[in-house]
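Text of run.tsv (TSV, C-alpha atoms) as supplied:
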```tsv
chain	number	residue	atom	x	y	z
A	504	MET	CA	-11.01	-5.97	-20.11
A	505	THR	CA	-11.68	-9.18	-18.22
A	506	THR	CA	-14.72	-9.83	-16.07
A	507	ILE	CA	-13.93	-9.48	-12.39
A	508	THR	CA	-15.80	-10.29	-9.19
A	509	THR	CA	-15.76	-8.05	-6.12
A	510	ARG	CA	-17.01	-8.24	-2.56
A	511	THR	CA	-16.45	-6.71	0.86
A	512	VAL	CA	-14.83	-8.76	3.62
A	513	ASP	CA	-15.14	-8.15	7.35
A	514	TYR	CA	-12.29	-9.14	9.66
A	515	PRO	CA	-10.94	-8.14	13.09
A	516	ALA	CA	-7.82	-5.99	13.52
A	517	ASP	CA	-6.61	-3.28	15.92
A	518	ASN	CA	-9.67	-3.87	18.15
A	519	LEU	CA	-11.95	-2.92	15.26
A	520	THR	CA	-14.04	-4.69	12.65
A	521	MET	CA	-12.30	-3.87	9.42
A	522	ILE	CA	-14.14	-3.82	6.09
A	523	GLY	CA	-11.83	-4.68	3.21
A	524	TYR	CA	-12.51	-4.88	-0.50
A	525	LEU	CA	-11.61	-8.01	-2.46
A	526	ALA	CA	-11.37	-8.10	-6.26
A	527	LEU	CA	-10.98	-11.39	-8.11
A	528	PRO	CA	-9.98	-11.92	-11.75
A	529	ALA	CA	-11.98	-14.03	-14.15
A	530	GLY	CA	-11.56	-17.79	-14.00
A	531	ASP	CA	-11.10	-20.18	-11.13
A	532	GLU	CA	-7.35	-20.86	-11.05
A	533	ARG	CA	-4.96	-19.54	-8.43
A	534	ARG	CA	-3.40	-16.18	-9.20
A	535	PRO	CA	-0.69	-13.93	-7.71
A	536	ALA	CA	-2.15	-11.74	-4.99
A	537	VAL	CA	-1.66	-8.14	-3.87
A	538	LEU	CA	-2.48	-6.31	-0.65
A	539	ILE	CA	-3.35	-2.64	-1.20
A	540	GLY	CA	-3.02	-0.23	1.72
A	541	PRO	CA	-4.79	3.16	1.72
A	542	GLU	CA	-3.68	6.64	2.69
A	543	GLY	CA	-4.26	7.81	6.25
A	544	MET	CA	-7.86	8.85	5.60
A	545	GLY	CA	-8.75	5.21	5.08
A	546	LEU	CA	-10.12	2.90	2.44
A	547	SER	CA	-11.92	4.76	-0.34
A	548	ASP	CA	-13.08	4.30	-3.91
A	549	VAL	CA	-9.55	5.23	-5.02
A	550	GLU	CA	-8.12	2.01	-3.57
A	551	ARG	CA	-11.17	0.00	-4.65
A	552	ARG	CA	-10.60	1.10	-8.25
A	553	ARG	CA	-6.95	0.11	-7.96
A	554	ALA	CA	-7.98	-3.31	-6.70
A	555	ASP	CA	-10.34	-3.60	-9.69
A	556	ALA	CA	-7.55	-2.59	-12.06
A	557	LEU	CA	-5.20	-5.21	-10.64
A	558	ALA	CA	-7.91	-7.87	-10.86
A	559	GLU	CA	-8.38	-6.95	-14.53
A	560	LEU	CA	-4.64	-7.60	-14.95
A	561	GLY	CA	-5.10	-11.06	-13.41
A	562	TYR	CA	-4.24	-10.48	-9.74
A	563	VAL	CA	-6.27	-11.33	-6.65
A	564	ALA	CA	-6.37	-7.93	-4.92
A	565	LEU	CA	-7.40	-7.01	-1.37
A	566	ALA	CA	-7.66	-3.33	-0.44
A	567	PHE	CA	-7.42	-3.35	3.34
A	568	ASP	CA	-9.04	-1.11	5.93
A	569	LEU	CA	-7.37	1.08	8.55
A	570	HIS	CA	-10.22	2.53	10.59
A	571	GLY	CA	-13.00	0.00	11.06
A	572	GLY	CA	-14.95	0.94	7.95
A	573	ARG	CA	-14.58	4.69	8.46
A	574	TYR	CA	-13.10	7.26	6.09
A	575	LEU	CA	-11.61	10.09	8.16
A	576	GLU	CA	-12.32	13.28	6.25
A	577	ASP	CA	-11.33	15.59	9.10
A	578	PRO	CA	-7.52	16.07	9.03
A	579	GLU	CA	-7.27	16.46	12.79
A	580	GLU	CA	-9.16	13.23	13.41
A	581	MET	CA	-7.04	11.44	10.80
A	582	LEU	CA	-3.78	12.65	12.34
A	583	ALA	CA	-4.97	11.81	15.85
A	584	ARG	CA	-5.42	8.20	14.80
A	585	CYS	CA	-2.57	7.81	12.32
A	586	MET	CA	0.30	9.46	14.16
A	587	PRO	CA	0.19	7.02	17.13
A	588	LEU	CA	-0.29	4.17	14.67
A	589	LEU	CA	2.76	5.17	12.64
A	590	ALA	CA	4.80	5.27	15.86
A	591	ASP	CA	3.78	1.72	16.79
A	592	PRO	CA	5.24	-0.99	14.54
A	593	VAL	CA	3.44	-3.72	16.47
A	594	ARG	CA	0.03	-2.20	15.71
A	595	MET	CA	0.90	-1.64	12.05
A	596	ARG	CA	2.09	-5.22	11.70
A	597	GLY	CA	-1.08	-6.44	13.37
A	598	ILE	CA	-3.24	-4.55	10.86
A	599	GLY	CA	-1.15	-5.85	7.98
A	600	ARG	CA	-1.09	-9.44	9.20
A	601	ALA	CA	-4.86	-9.48	9.71
A	602	ALA	CA	-5.40	-8.34	6.12
A	603	LEU	CA	-2.81	-10.83	4.90
A	604	ASP	CA	-4.67	-13.63	6.67
A	605	VAL	CA	-7.82	-12.67	4.75
A	606	LEU	CA	-5.92	-12.70	1.48
A	607	ARG	CA	-4.29	-16.04	2.24
A	608	ALA	CA	-7.69	-17.53	3.06
A	609	GLU	CA	-8.97	-16.71	-0.43
A	610	PRO	CA	-8.84	-19.94	-2.50
A	611	ARG	CA	-7.92	-18.00	-5.66
A	612	ALA	CA	-4.77	-16.53	-4.10
A	613	ASP	CA	-1.40	-18.15	-4.80
A	614	LEU	CA	0.12	-18.26	-1.32
A	615	ASN	CA	3.64	-18.26	-2.75
A	616	GLN	CA	3.09	-15.14	-4.85
A	617	ILE	CA	1.97	-12.22	-2.67
A	618	ALA	CA	3.00	-8.56	-2.82
A	619	ALA	CA	2.08	-5.54	-0.70
A	620	VAL	CA	1.43	-2.10	-2.17
A	621	GLY	CA	0.53	0.88	-0.03
A	622	TYR	CA	0.02	4.63	0.05
A	623	GLY	CA	0.91	6.83	3.02
A	624	THR	CA	-0.07	5.01	6.21
A	625	GLY	CA	-0.98	1.92	4.17
A	626	GLY	CA	2.50	1.99	2.66
A	627	ALA	CA	4.04	2.14	6.12
A	628	VAL	CA	2.04	-0.98	6.99
A	629	ALA	CA	3.39	-2.71	3.87
A	630	LEU	CA	6.96	-1.87	4.87
A	631	GLU	CA	6.40	-3.14	8.40
A	632	LEU	CA	5.23	-6.47	7.02
A	633	GLY	CA	8.58	-6.68	5.26
A	634	ARG	CA	10.50	-5.71	8.39
A	635	ASP	CA	8.53	-8.39	10.23
A	636	GLY	CA	9.98	-11.02	7.91
A	637	ILE	CA	6.77	-11.80	6.03
A	638	ASP	CA	7.46	-13.73	2.83
A	639	LEU	CA	6.45	-11.22	0.13
A	640	ARG	CA	7.53	-11.06	-3.49
A	641	ALA	CA	7.52	-7.24	-3.68
A	642	ILE	CA	6.73	-4.15	-1.64
A	643	GLY	CA	5.66	-0.93	-3.36
A	644	THR	CA	4.94	2.32	-1.54
A	645	VAL	CA	4.00	5.89	-2.37
A	646	ASN	CA	4.37	8.71	0.19
A	647	ALA	CA	5.62	6.23	2.80
A	648	LEU	CA	9.35	6.64	3.31
A	649	THR	CA	9.09	5.45	6.89
A	650	THR	CA	12.12	4.09	8.68
A	651	GLY	CA	12.00	1.16	11.06
A	652	ARG	CA	13.74	0.00	14.18
A	653	PRO	CA	17.49	-0.52	13.77
A	654	GLY	CA	18.41	-3.70	11.96
A	655	GLU	CA	14.90	-4.91	11.19
A	656	ALA	CA	15.11	-4.04	7.49
A	657	THR	CA	17.47	-7.02	7.12
A	658	ARG	CA	14.34	-9.17	7.39
A	659	ILE	CA	12.95	-7.78	4.13
A	660	ARG	CA	13.14	-10.62	1.62
A	661	CYS	CA	11.94	-8.91	-1.54
A	662	PRO	CA	12.52	-5.89	-3.77
A	663	VAL	CA	11.23	-2.57	-2.42
A	664	TRP	CA	10.08	0.25	-4.69
A	665	ALA	CA	9.22	3.64	-3.18
A	666	GLY	CA	7.82	6.75	-4.82
A	667	VAL	CA	7.71	10.27	-3.37
A	668	GLY	CA	7.06	13.81	-4.54
A	669	SER	CA	10.05	16.14	-4.60
A	670	GLU	CA	8.02	18.84	-2.83
A	671	ASP	CA	6.47	16.56	-0.22
A	672	PRO	CA	6.96	18.39	3.12
A	673	ILE	CA	6.11	15.25	5.10
A	674	MET	CA	8.56	12.96	3.29
A	675	SER	CA	11.39	15.52	3.31
A	676	PRO	CA	14.85	15.12	1.74
A	677	SER	CA	16.23	14.11	5.13
A	678	GLN	CA	13.52	11.45	5.39
A	679	ARG	CA	14.44	10.21	1.91
A	680	ASP	CA	18.07	9.97	2.96
A	681	ALA	CA	17.21	8.07	6.15
A	682	PHE	CA	15.02	5.61	4.26
A	683	SER	CA	17.64	5.09	1.55
A	684	ALA	CA	20.36	4.54	4.15
A	685	GLU	CA	18.24	1.98	6.02
A	686	MET	CA	17.52	0.00	2.87
A	687	GLN	CA	21.12	0.16	1.67
A	688	VAL	CA	22.69	-0.89	4.98
A	689	ALA	CA	20.23	-3.81	5.19
A	690	GLY	CA	21.18	-5.03	1.72
A	691	VAL	CA	17.65	-4.65	0.37
A	692	ASP	CA	17.03	-4.59	-3.38
A	693	TRP	CA	15.51	-1.11	-3.33
A	694	ARG	CA	14.55	1.72	-5.65
A	695	LEU	CA	13.41	5.27	-4.94
A	696	ALA	CA	11.56	7.36	-7.53
A	697	VAL	CA	11.31	11.10	-6.90
A	698	TYR	CA	8.55	12.79	-8.92
A	699	GLY	CA	9.53	16.38	-9.67
A	700	GLY	CA	7.20	19.08	-8.39
A	701	ALA	CA	4.79	16.68	-6.68
A	702	LEU	CA	3.40	17.16	-3.17
A	703	HIS	CA	2.34	14.61	-0.58
A	704	GLY	CA	-0.64	12.57	-1.76
A	705	PHE	CA	0.14	13.39	-5.39
A	706	HIS	CA	-1.33	10.05	-6.49
A	707	HIS	CA	-4.73	10.66	-4.85
A	708	PRO	CA	-7.39	12.44	-6.95
A	709	THR	CA	-8.67	15.71	-5.54
A	710	VAL	CA	-11.13	15.30	-2.67
A	711	ASP	CA	-13.93	17.64	-1.65
A	712	HIS	CA	-12.92	17.97	1.98
A	713	THR	CA	-10.17	19.89	3.76
A	714	VAL	CA	-6.67	18.48	3.49
A	715	VAL	CA	-3.51	19.43	5.37
A	716	PRO	CA	-1.09	21.87	3.69
A	717	GLY	CA	1.49	20.32	1.40
A	718	VAL	CA	-0.96	17.77	-0.01
A	719	GLY	CA	-2.02	17.93	-3.64
A	720	TYR	CA	-2.91	15.84	-6.67
A	721	HIS	CA	-0.56	15.65	-9.65
A	722	PRO	CA	-2.38	13.72	-12.38
A	723	ARG	CA	0.62	13.13	-14.64
A	724	HIS	CA	2.83	11.80	-11.87
A	725	ALA	CA	-0.10	9.81	-10.44
A	726	GLN	CA	-0.30	7.92	-13.74
A	727	ARG	CA	3.47	7.43	-13.78
A	728	ALA	CA	3.54	6.08	-10.23
A	729	TRP	CA	0.75	3.64	-11.05
A	730	ARG	CA	2.64	2.42	-14.11
A	731	ASP	CA	5.75	1.99	-11.97
A	732	ILE	CA	3.84	-0.12	-9.46
A	733	VAL	CA	2.32	-2.27	-12.20
A	734	ALA	CA	5.82	-2.75	-13.65
A	735	LEU	CA	7.12	-3.80	-10.22
A	736	LEU	CA	4.39	-6.42	-9.96
A	737	ALA	CA	4.98	-7.63	-13.51
A	738	GLU	CA	8.66	-8.10	-12.69
A	739	CYS	CA	8.32	-9.72	-9.29
A	740	LEU	CA	5.11	-11.73	-9.57
A	741	PRO	CA	4.06	-11.93	-13.20
A	742	VAL	CA	0.64	-13.23	-14.16
A	743	THR	CA	0.87	-16.23	-16.47
A	744	ASP	CA	-1.97	-17.75	-18.49
```

Output the file's structure as structure tokens, nothing else.
Amino acid sequence: MTTITTRTVDYPADNLTMIGYLALPAGDERRPAVLIGPEGMGLSDVERRRADALAELGYVALAFDLHGGRYLEDPEEMLARCMPLLADPVRMRGIGRAALDVLRAEPRADLNQIAAVGYGTGGAVALELGRDGIDLRAIGTVNALTTGRPGEATRIRCPVWAGVGSEDPIMSPSQRDAFSAEMQVAGVDWRLAVYGGALHGFHHPTVDHTVVPGVGYHPRHAQRAWRDIVALLAECLPVTD
């Protein structure tokens, strides 16, 4: 395990002061960089640990914020903020671009080697960055089979990997089909992994507050999805010594 350095970073987005989490690998040379977007509840220790894990693999990793430093434990409050956000590509792109600016400003980040990985709402933000024509090397999402405005997926310049639970009531089979059709028509290099028996949020360890029905942790598939994301990054923006 390499020695990493971490710190919080404040930046403006969506009329809020966001508080992101930056993890840097050992050394002082430039490294490939990864944005990490959280589930709808917001940035938590789950995403911070993933940023740490990517830094240990040699990536500059920024876990970005959605709610101005807040973690929305109450499902109704979370849905009240996230549903309008998910319906507004301009707002999602603004949140993603603000985080990307922070990552690009980090001297250790290789500006030509940036990927976006996201979960739930954070994954939708990652996809919108692609649809906005941002130059990314890869996009990876879990629980985020969102579709965009007609034709905009043609702007995606990189491979897209998406993971979803087979029993996810939010990302239903019809939603899978719509996402797949959008990617295919746009000519995107895309993959979709369906994890058998998994619910929405299957990657997120069990929390001690109320969650909406249809959400549940699946530890085996969570590990598999993480390995799939790491493999995507290794393929599309490998770390070299």

Exercise for the section: For the point (-6.6, 3.1, 7.4) in the file's frame, write as a VMD selection string all residues with an atom no more than 6 Å away, counting all atoms listed in the file. Expected result: chain A and resid 541 543 545 568 to 570

Please tabulate, as CSV, the residues of segment 643-692 of chain A that come within 9 Å of segment 702-706 of chain A, each with its closest pair of atoms and the distance in Å to one decimal, counting all atoms listed in the file and ordering rows by chain, then residue number upward.
```
residue,atom,partner,partner_atom,distance
A:Val645,CA,A:His706,CA,7.9
A:Asn646,CA,A:His703,CA,6.3
A:Val667,CA,A:His703,CA,7.4
A:Gly668,CA,A:Leu702,CA,5.1
A:Ser669,CA,A:Leu702,CA,6.9
A:Glu670,CA,A:Leu702,CA,4.9
A:Asp671,CA,A:Leu702,CA,4.3
A:Pro672,CA,A:His703,CA,7.0
A:Ile673,CA,A:His703,CA,6.8
A:Met674,CA,A:His703,CA,7.5
```

Practice task
Would you list the residues near (9.0, -6.2, -13.0) (no more than 12 Å away, in the coordinates of the file, using only C-alpha atoms) as a list in words?
Solution key: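 Protein and nucleic acid residues near the point are Arg640, Ala641, Ile642, Gly643, Pro662, Val663, Trp664, Arg730, Asp731, Ile732, Val733, Ala734, Leu735, Leu736, Ala737, Glu738, Cys739, Leu740, Pro741 and Val742 of chain A.
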
Handout entry: Within 12 Å of Gly561 of chain A using only C-alpha atoms, minus same-chain residues under 5 positions, as a ChimeraX atom specification
Key = /A:504-508,526-537,554-556,611-613,733,736-737,740-744

Practice task
Figure out the distance between atom CA of His724 of chain A and atom CA of Leu589 of chain A, please, to one decimal in Å.
Solution key: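 A separation of 25.4 Å between them.
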
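Closest approach to Gly571 of chain A among A:Pro587, A:Pro515, A:Gly599, A:Pro610: A:Pro515, based on only C-alpha atoms.
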
Exercise for the section: Determine the nearest neighbour of Thr511 of chain A from the options A:Val605, A:Asn615, A:Leu575, A:Gly651, counting all atoms listed in the file. Expected result: A:Val605

Exercise for the section: Return the single residue from A:Ala601, A:Val710, A:Ala629, A:Ala647 that is closest to Asp548 of chain A, with distances computed using only C-alpha atoms. Expected result: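 Ranking A:Ala601, A:Val710, A:Ala629, A:Ala647 by distance to Asp548 of chain A, first place goes to A:Val710.
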
Completion exercise
If you count all atoms listed in the file, the residue of A:Val697, A:Thr509, A:Gly633, A:Val691 closest to Arg727 of chain A turns out to be A:Val697

Exercise for the section: Compare A:Gln726, A:Met581, A:Ile598, A:Val718 by their minimum atom-to-atom distance to Arg553 of chain A, counting all atoms listed in the file, and give me the closest one. Expected result: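 Among the listed residues, A:Gln726 lies closest to Arg553 of chain A.
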
Handout entry: Distance of atom CA of Glu631 of chain A from atom CA of Leu565 of chain A, expressed in Å to one decimal place
Key = 17.3 Å

Handout entry: Residue among A:Gly572, A:Pro653, A:Gly597, A:Pro716 lying closest to Leu632 of chain A, counting all atoms listed in the file
Key =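 Among A:Gly572, A:Pro653, A:Gly597, A:Pro716, it is A:Gly597 that comes nearest to Leu632 of chain A.
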
Exercise for the section: Calculate how many Å separate atom CA of Asp635 of chain A from atom CA of Asp680 of chain A, rounding to one decimal. Expected result: 21.9 Å
